[in-house]
>>> print(open('structure.cif').read())   # mmCIF, C-alpha atoms
data_data
loop_
_atom_site.group_PDB
_atom_site.id
_atom_site.type_symbol
_atom_site.label_atom_id
_atom_site.label_comp_id
_atom_site.auth_asym_id
_atom_site.auth_seq_id
_atom_site.Cartn_x
_atom_site.Cartn_y
_atom_site.Cartn_z
ATOM 1 C CA PRO A 1207 0.000 0.000 0.000
ATOM 2 C CA MET A 1208 0.900 3.608 -0.549
ATOM 3 C CA PHE A 1209 0.527 6.488 1.864
ATOM 4 C CA GLU A 1210 0.021 10.014 0.672
ATOM 5 C CA TYR A 1211 2.081 12.669 2.403
ATOM 6 C CA ARG A 1212 1.366 16.360 2.053
ATOM 7 C CA VAL A 1213 4.601 18.348 1.998
ATOM 8 C CA SER A 1214 4.846 21.132 4.568
ATOM 9 C CA GLU A 1215 6.896 24.302 4.341
ATOM 10 C CA ARG A 1216 10.236 23.100 5.692
ATOM 11 C CA ASP A 1217 10.179 19.520 4.386
ATOM 12 C CA THR A 1218 12.981 18.061 2.304
ATOM 13 C CA LEU A 1219 13.222 14.481 1.030
ATOM 14 C CA ILE A 1220 16.401 13.928 3.027
ATOM 15 C CA GLY A 1221 14.692 15.327 6.140
ATOM 16 C CA LEU A 1222 11.733 13.002 5.613
ATOM 17 C CA SER A 1223 14.176 10.086 5.280
ATOM 18 C CA GLN A 1224 15.670 10.914 8.651
ATOM 19 C CA ARG A 1225 12.302 11.439 10.353
ATOM 20 C CA LEU A 1226 9.907 8.951 8.732
ATOM 21 C CA PHE A 1227 11.625 6.459 6.474
ATOM 22 C CA THR A 1228 13.278 3.145 7.346
ATOM 23 C CA SER A 1229 16.515 4.093 5.605
ATOM 24 C CA PRO A 1230 18.363 7.355 4.979
ATOM 25 C CA ARG A 1231 18.488 6.368 1.291
ATOM 26 C CA ALA A 1232 14.745 5.776 0.924
ATOM 27 C CA TRP A 1233 14.291 9.311 -0.428
ATOM 28 C CA ARG A 1234 15.755 8.143 -3.745
ATOM 29 C CA GLU A 1235 13.003 5.581 -4.275
ATOM 30 C CA VAL A 1236 10.326 8.110 -3.233
ATOM 31 C CA ALA A 1237 11.746 10.635 -5.725
ATOM 32 C CA ARG A 1238 11.779 8.043 -8.513
ATOM 33 C CA LEU A 1239 8.262 6.787 -7.703
ATOM 34 C CA ASN A 1240 6.853 10.350 -7.688
ATOM 35 C CA ARG A 1241 8.821 11.299 -10.838
ATOM 36 C CA LEU A 1242 10.374 14.337 -9.223
ATOM 37 C CA PRO A 1243 12.482 16.258 -11.771
ATOM 38 C CA ASP A 1244 14.625 17.701 -8.953
ATOM 39 C CA PRO A 1245 14.577 15.645 -5.719
ATOM 40 C CA ASN A 1246 16.165 18.584 -3.877
ATOM 41 C CA ARG A 1247 13.054 20.646 -4.516
ATOM 42 C CA ILE A 1248 9.653 19.698 -3.149
ATOM 43 C CA LEU A 1249 6.975 22.307 -2.668
ATOM 44 C CA PRO A 1250 4.602 22.965 0.244
ATOM 45 C CA GLY A 1251 1.227 21.402 -0.490
ATOM 46 C CA GLN A 1252 2.702 18.885 -2.926
ATOM 47 C CA ARG A 1253 1.538 15.302 -2.342
ATOM 48 C CA LEU A 1254 4.035 12.465 -2.302
ATOM 49 C CA ARG A 1255 3.133 8.796 -2.564
ATOM 50 C CA ILE A 1256 5.209 6.713 -0.166
ATOM 51 C CA PRO A 1257 5.204 2.884 -0.065
ATOM 52 C CA ALA A 1258 4.279 1.546 3.393
ATOM 53 C CA ARG A 1259 7.374 -0.669 3.438
ATOM 54 C CA LEU A 1260 9.573 2.466 3.459
ATOM 55 C CA LEU A 1261 7.909 3.993 6.525
ATOM 56 C CA ARG A 1262 9.352 3.536 9.997
ATOM 57 C CA PRO A 1263 6.983 1.595 12.307
ATOM 58 C CA ALA A 1264 5.013 3.766 14.722
ATOM 59 C CA PRO A 1265 4.016 2.461 18.156
ATOM 60 C CA LEU A 1266 0.273 2.388 18.792
ATOM 61 C CA PRO A 1267 -1.164 2.097 22.309
ATOM 62 C CA ALA A 1268 -3.331 -0.849 23.347
ATOM 63 C CA ARG A 1269 -6.577 0.001 25.158
ATOM 64 C CA VAL A 1270 -8.051 -1.657 28.240
ATOM 65 C CA THR A 1271 -11.701 -2.253 27.283
ATOM 66 C CA SER A 1272 -12.943 -3.871 30.504
ATOM 67 C CA THR A 1273 -11.779 -4.723 34.009
ATOM 68 C CA VAL A 1274 -13.192 -6.770 36.863
ATOM 69 C CA GLY A 1275 -11.570 -6.422 40.284
ATOM 70 C CA GLU A 1276 -8.025 -5.111 40.714
ATOM 71 C CA VAL A 1277 -6.138 -4.751 37.444
ATOM 72 C CA ARG A 1278 -2.795 -2.979 37.452
ATOM 73 C CA SER A 1279 0.030 -1.756 35.276
ATOM 74 C CA GLY A 1280 2.965 -1.572 37.660
ATOM 75 C CA SER A 1281 1.550 0.145 40.735
ATOM 76 C CA GLU A 1282 -1.190 1.991 38.809
ATOM 77 C CA LEU A 1283 -4.764 0.722 39.143
ATOM 78 C CA LEU A 1284 -6.344 0.536 35.667
ATOM 79 C CA GLN A 1285 -9.880 1.349 34.578
ATOM 80 C CA PRO A 1286 -11.584 0.740 31.207
ATOM 81 C CA GLY A 1287 -10.274 3.243 28.663
ATOM 82 C CA ALA A 1288 -6.717 3.219 30.023
ATOM 83 C CA THR A 1289 -3.979 2.758 27.431
ATOM 84 C CA LEU A 1290 -0.817 0.680 27.547
ATOM 85 C CA ASN A 1291 2.270 1.300 25.429
ATOM 86 C CA GLU A 1292 4.965 -1.120 24.349
ATOM 87 C CA GLY A 1293 6.875 -2.377 27.373
ATOM 88 C CA GLN A 1294 4.041 -1.818 29.835
ATOM 89 C CA SER A 1295 2.499 -4.692 31.754
ATOM 90 C CA LEU A 1296 -1.041 -5.722 32.650
ATOM 91 C CA GLN A 1297 -1.568 -7.695 35.855
ATOM 92 C CA THR A 1298 -4.760 -9.262 37.150
ATOM 93 C CA GLU A 1299 -5.101 -10.140 40.826
ATOM 94 C CA ALA A 1300 -6.998 -13.148 42.187
ATOM 95 C CA ARG A 1301 -10.683 -12.806 41.231
ATOM 96 C CA SER A 1302 -9.840 -10.159 38.631
ATOM 97 C CA SER A 1303 -9.762 -10.103 34.849
ATOM 98 C CA ALA A 1304 -9.177 -7.644 32.038
ATOM 99 C CA VAL A 1305 -9.625 -7.306 28.288
ATOM 100 C CA LEU A 1306 -6.959 -5.521 26.254
ATOM 101 C CA GLU A 1307 -7.622 -4.408 22.652
ATOM 102 C CA LEU A 1308 -4.855 -3.765 20.138
ATOM 103 C CA ALA A 1309 -5.078 -1.209 17.334
ATOM 104 C CA ASP A 1310 -5.941 -3.917 14.767
ATOM 105 C CA GLY A 1311 -9.044 -4.919 16.785
ATOM 106 C CA SER A 1312 -7.550 -8.085 18.297
ATOM 107 C CA ARG A 1313 -8.491 -8.711 21.925
ATOM 108 C CA PHE A 1314 -6.669 -10.404 24.796
ATOM 109 C CA ARG A 1315 -8.557 -11.546 27.894
ATOM 110 C CA LEU A 1316 -6.395 -12.042 30.973
ATOM 111 C CA PRO A 1317 -8.054 -14.257 33.597
ATOM 112 C CA PRO A 1318 -7.262 -14.033 37.345
ATOM 113 C CA SER A 1319 -3.653 -14.122 38.555
ATOM 114 C CA SER A 1320 -2.080 -13.371 35.170
ATOM 115 C CA LEU A 1321 0.719 -11.036 34.152
ATOM 116 C CA ALA A 1322 1.385 -10.005 30.549
ATOM 117 C CA GLU A 1323 3.464 -7.352 28.803
ATOM 118 C CA VAL A 1324 2.733 -5.519 25.555
ATOM 119 C CA ALA A 1325 5.941 -6.439 23.720
ATOM 120 C CA ALA A 1326 4.938 -4.888 20.369
ATOM 121 C CA SER A 1327 2.009 -2.846 19.153
ATOM 122 C CA ARG A 1328 2.999 -0.953 16.022
ATOM 123 C CA SER A 1329 2.001 -0.058 12.520
ATOM 124 C CA VAL A 1330 3.258 2.142 9.703
ATOM 125 C CA GLY A 1331 2.078 5.563 8.620
ATOM 126 C CA VAL A 1332 3.100 9.144 8.168
ATOM 127 C CA THR A 1333 0.641 10.410 10.784
ATOM 128 C CA PRO A 1334 -0.919 8.655 13.821
ATOM 129 C CA ALA A 1335 -4.222 8.496 11.900
ATOM 130 C CA ASP A 1336 -2.412 6.784 8.991
ATOM 131 C CA ALA A 1337 -0.906 4.264 11.425
ATOM 132 C CA VAL A 1338 -4.324 3.421 12.898
ATOM 133 C CA ARG A 1339 -5.798 2.994 9.409
ATOM 134 C CA ALA A 1340 -2.878 0.806 8.328
ATOM 135 C CA ALA A 1341 -3.304 -1.345 11.458
ATOM 136 C CA SER A 1342 -6.937 -2.009 10.568
ATOM 137 C CA GLU A 1343 -5.775 -3.062 7.091
ATOM 138 C CA GLY A 1344 -3.279 -5.613 8.462
ATOM 139 C CA TRP A 1345 -0.075 -3.558 8.509
ATOM 140 C CA PHE A 1346 0.340 -4.252 12.185
ATOM 141 C CA ALA A 1347 2.741 -6.124 14.458
ATOM 142 C CA GLY A 1348 1.294 -7.241 17.776
ATOM 143 C CA VAL A 1349 3.120 -9.310 20.389
ATOM 144 C CA LEU A 1350 1.929 -10.052 23.928
ATOM 145 C CA ARG A 1351 4.430 -11.658 26.309
ATOM 146 C CA ILE A 1352 2.943 -13.889 29.034
ATOM 147 C CA VAL A 1353 4.975 -13.729 32.234
ATOM 148 C CA ARG A 1354 2.508 -15.595 34.471
ATOM 149 C CA GLY A 1355 -0.895 -17.199 34.053
ATOM 150 C CA SER A 1356 -2.775 -17.374 30.779
ATOM 151 C CA VAL A 1357 -4.441 -15.356 28.058
ATOM 152 C CA GLU A 1358 -7.387 -15.943 25.747
ATOM 153 C CA VAL A 1359 -6.970 -14.357 22.327
ATOM 154 C CA LEU A 1360 -9.506 -13.309 19.721
ATOM 155 C CA ALA A 1361 -7.359 -12.287 16.754
ATOM 156 C CA SER A 1362 -9.060 -9.910 14.328
ATOM 157 C CA LYS A 1363 -9.706 -11.323 10.878
ATOM 158 C CA VAL A 1364 -7.647 -8.981 8.747
ATOM 159 C CA ARG A 1365 -5.009 -9.744 6.141
ATOM 160 C CA ARG A 1366 -1.808 -9.521 8.133
ATOM 161 C CA SER A 1367 1.725 -8.597 7.213
ATOM 162 C CA ALA A 1368 2.876 -10.565 10.295
ATOM 163 C CA PRO A 1369 1.080 -13.025 12.596
ATOM 164 C CA LEU A 1370 -0.310 -11.826 15.913
ATOM 165 C CA GLU A 1371 1.983 -13.408 18.505
ATOM 166 C CA VAL A 1372 1.827 -14.556 22.103
ATOM 167 C CA THR A 1373 5.201 -15.412 23.588
ATOM 168 C CA THR A 1374 6.142 -17.260 26.775
ATOM 169 C CA PRO A 1375 9.587 -18.248 28.072
ATOM 170 C CA THR A 1376 9.132 -21.625 26.333
ATOM 171 C CA ALA A 1377 6.980 -20.976 23.260
ATOM 172 C CA VAL A 1378 5.863 -18.545 20.564
ATOM 173 C CA VAL A 1379 2.333 -18.801 19.172
ATOM 174 C CA GLY A 1380 1.574 -16.835 16.007
ATOM 175 C CA VAL A 1381 -1.848 -16.794 14.347
ATOM 176 C CA ARG A 1382 -3.927 -15.030 11.736
ATOM 177 C CA GLY A 1383 -7.607 -14.492 12.625
ATOM 178 C CA THR A 1384 -8.722 -17.081 15.148
ATOM 179 C CA HIS A 1385 -9.648 -17.667 18.793
ATOM 180 C CA TYR A 1386 -7.190 -19.499 21.073
ATOM 181 C CA ARG A 1387 -5.738 -19.735 24.603
ATOM 182 C CA VAL A 1388 -2.154 -19.856 25.867
ATOM 183 C CA THR A 1389 -1.264 -20.889 29.413
ATOM 184 C CA LEU A 1390 2.116 -20.788 31.110
ATOM 185 C CA ASP A 1391 2.627 -23.426 33.832
ATOM 186 C CA ASP A 1392 5.396 -22.724 36.348
ATOM 187 C CA GLU A 1393 7.469 -20.979 33.630
ATOM 188 C CA THR A 1394 8.485 -24.379 32.216
ATOM 189 C CA ALA A 1395 5.681 -25.336 29.865
ATOM 190 C CA ALA A 1396 3.263 -23.476 27.630
#
>>> encode(input="structure.cif", output="structure tokens")
Amino acid sequence: PMFEYRVSERDTLIGLSQRLFTSPRAWREVARLNRLPDPNRILPGQRLRIPARLLRPAPLPARVTSTVGEVRSGSELLQPGATLNEGQSLQTEARSSAVLELADGSRFRLPPSSLAEVAASRSVGVTPADAVRAASEGWFAGVLRIVRGSVEVLASKVRRSAPLEVTTPTAVVGVRGTHYRVTLDDETAA
């Protein structure tokens, strides 16, 4: 897929490469694709088509959609609507549970006494709105790491560039559009 970028006043292709693209040399391909006569000169308001594969991944927060009992991220008590970023954890106490939704619509349900970490939640796009749209179209990488307990997953049914993953110390489960559970027993078996 292609993203359309509207050039602002101080933009240069080399500057965009440093800020948005996966490689400092990606500007050359963007110039060639857009048939720019002079790649050193782009004008404010001009629209550039940029292939998604050239855009640097952008982290997207996961959203807590429901909680029962005490659900925490670190020492913070979470309520529905709270967001978690990459690297943040979600912990359910005894008699507690939570549902976490990723930007692609996939949902994770953590039953009581579970601990999980959002290892990856990212998409591509020039703007945050582009990244959310790309996530709903399958340009999304989602990884949940189970540290303790279990998780029930309802993976959204979108064409994916990478499988939705659940990792444990002993296993990696990657799927595309299905419903499944992963349990970690005593950190030795998944």
>>> atom_distance(input="structure.cif", atom1="atom CA of Arg1278 of chain A", atom2="atom CA of Gly1383 of chain A")
27.8 Å
>>> resolve_selection(input="structure.cif", expression="the PyMOL selection byres ((chain A and resi 1361) around 7)", output="JSON, numbers by chain")
{"A": [1312, 1313, 1359, 1360, 1362, 1363, 1382, 1383, 1384, 1385]}
>>> resolve_selection(input="structure.cif", expression="the PyMOL selection byres ((chain A and resi 1349) around 6)", output="PyMOL selection string")
chain A and resi 1325-1326+1348+1350+1371-1372
>>> closest_residue(input="structure.cif", among="A:Ala1264, A:Val1332, A:Ala1258, A:Leu1321", to="Ser1303 of chain A", atoms="all atoms listed in the file")
A:Leu1321
>>> residues_around(input="structure.cif", residues="Val1357 of chain A", least_positions_apart="6", cutoff="12 Å", atoms="only C-alpha atoms", output="PyMOL selection string")
chain A and resi 1296-1298+1303-1306+1313-1323+1350-1351+1371-1374+1379+1385-1390+1396
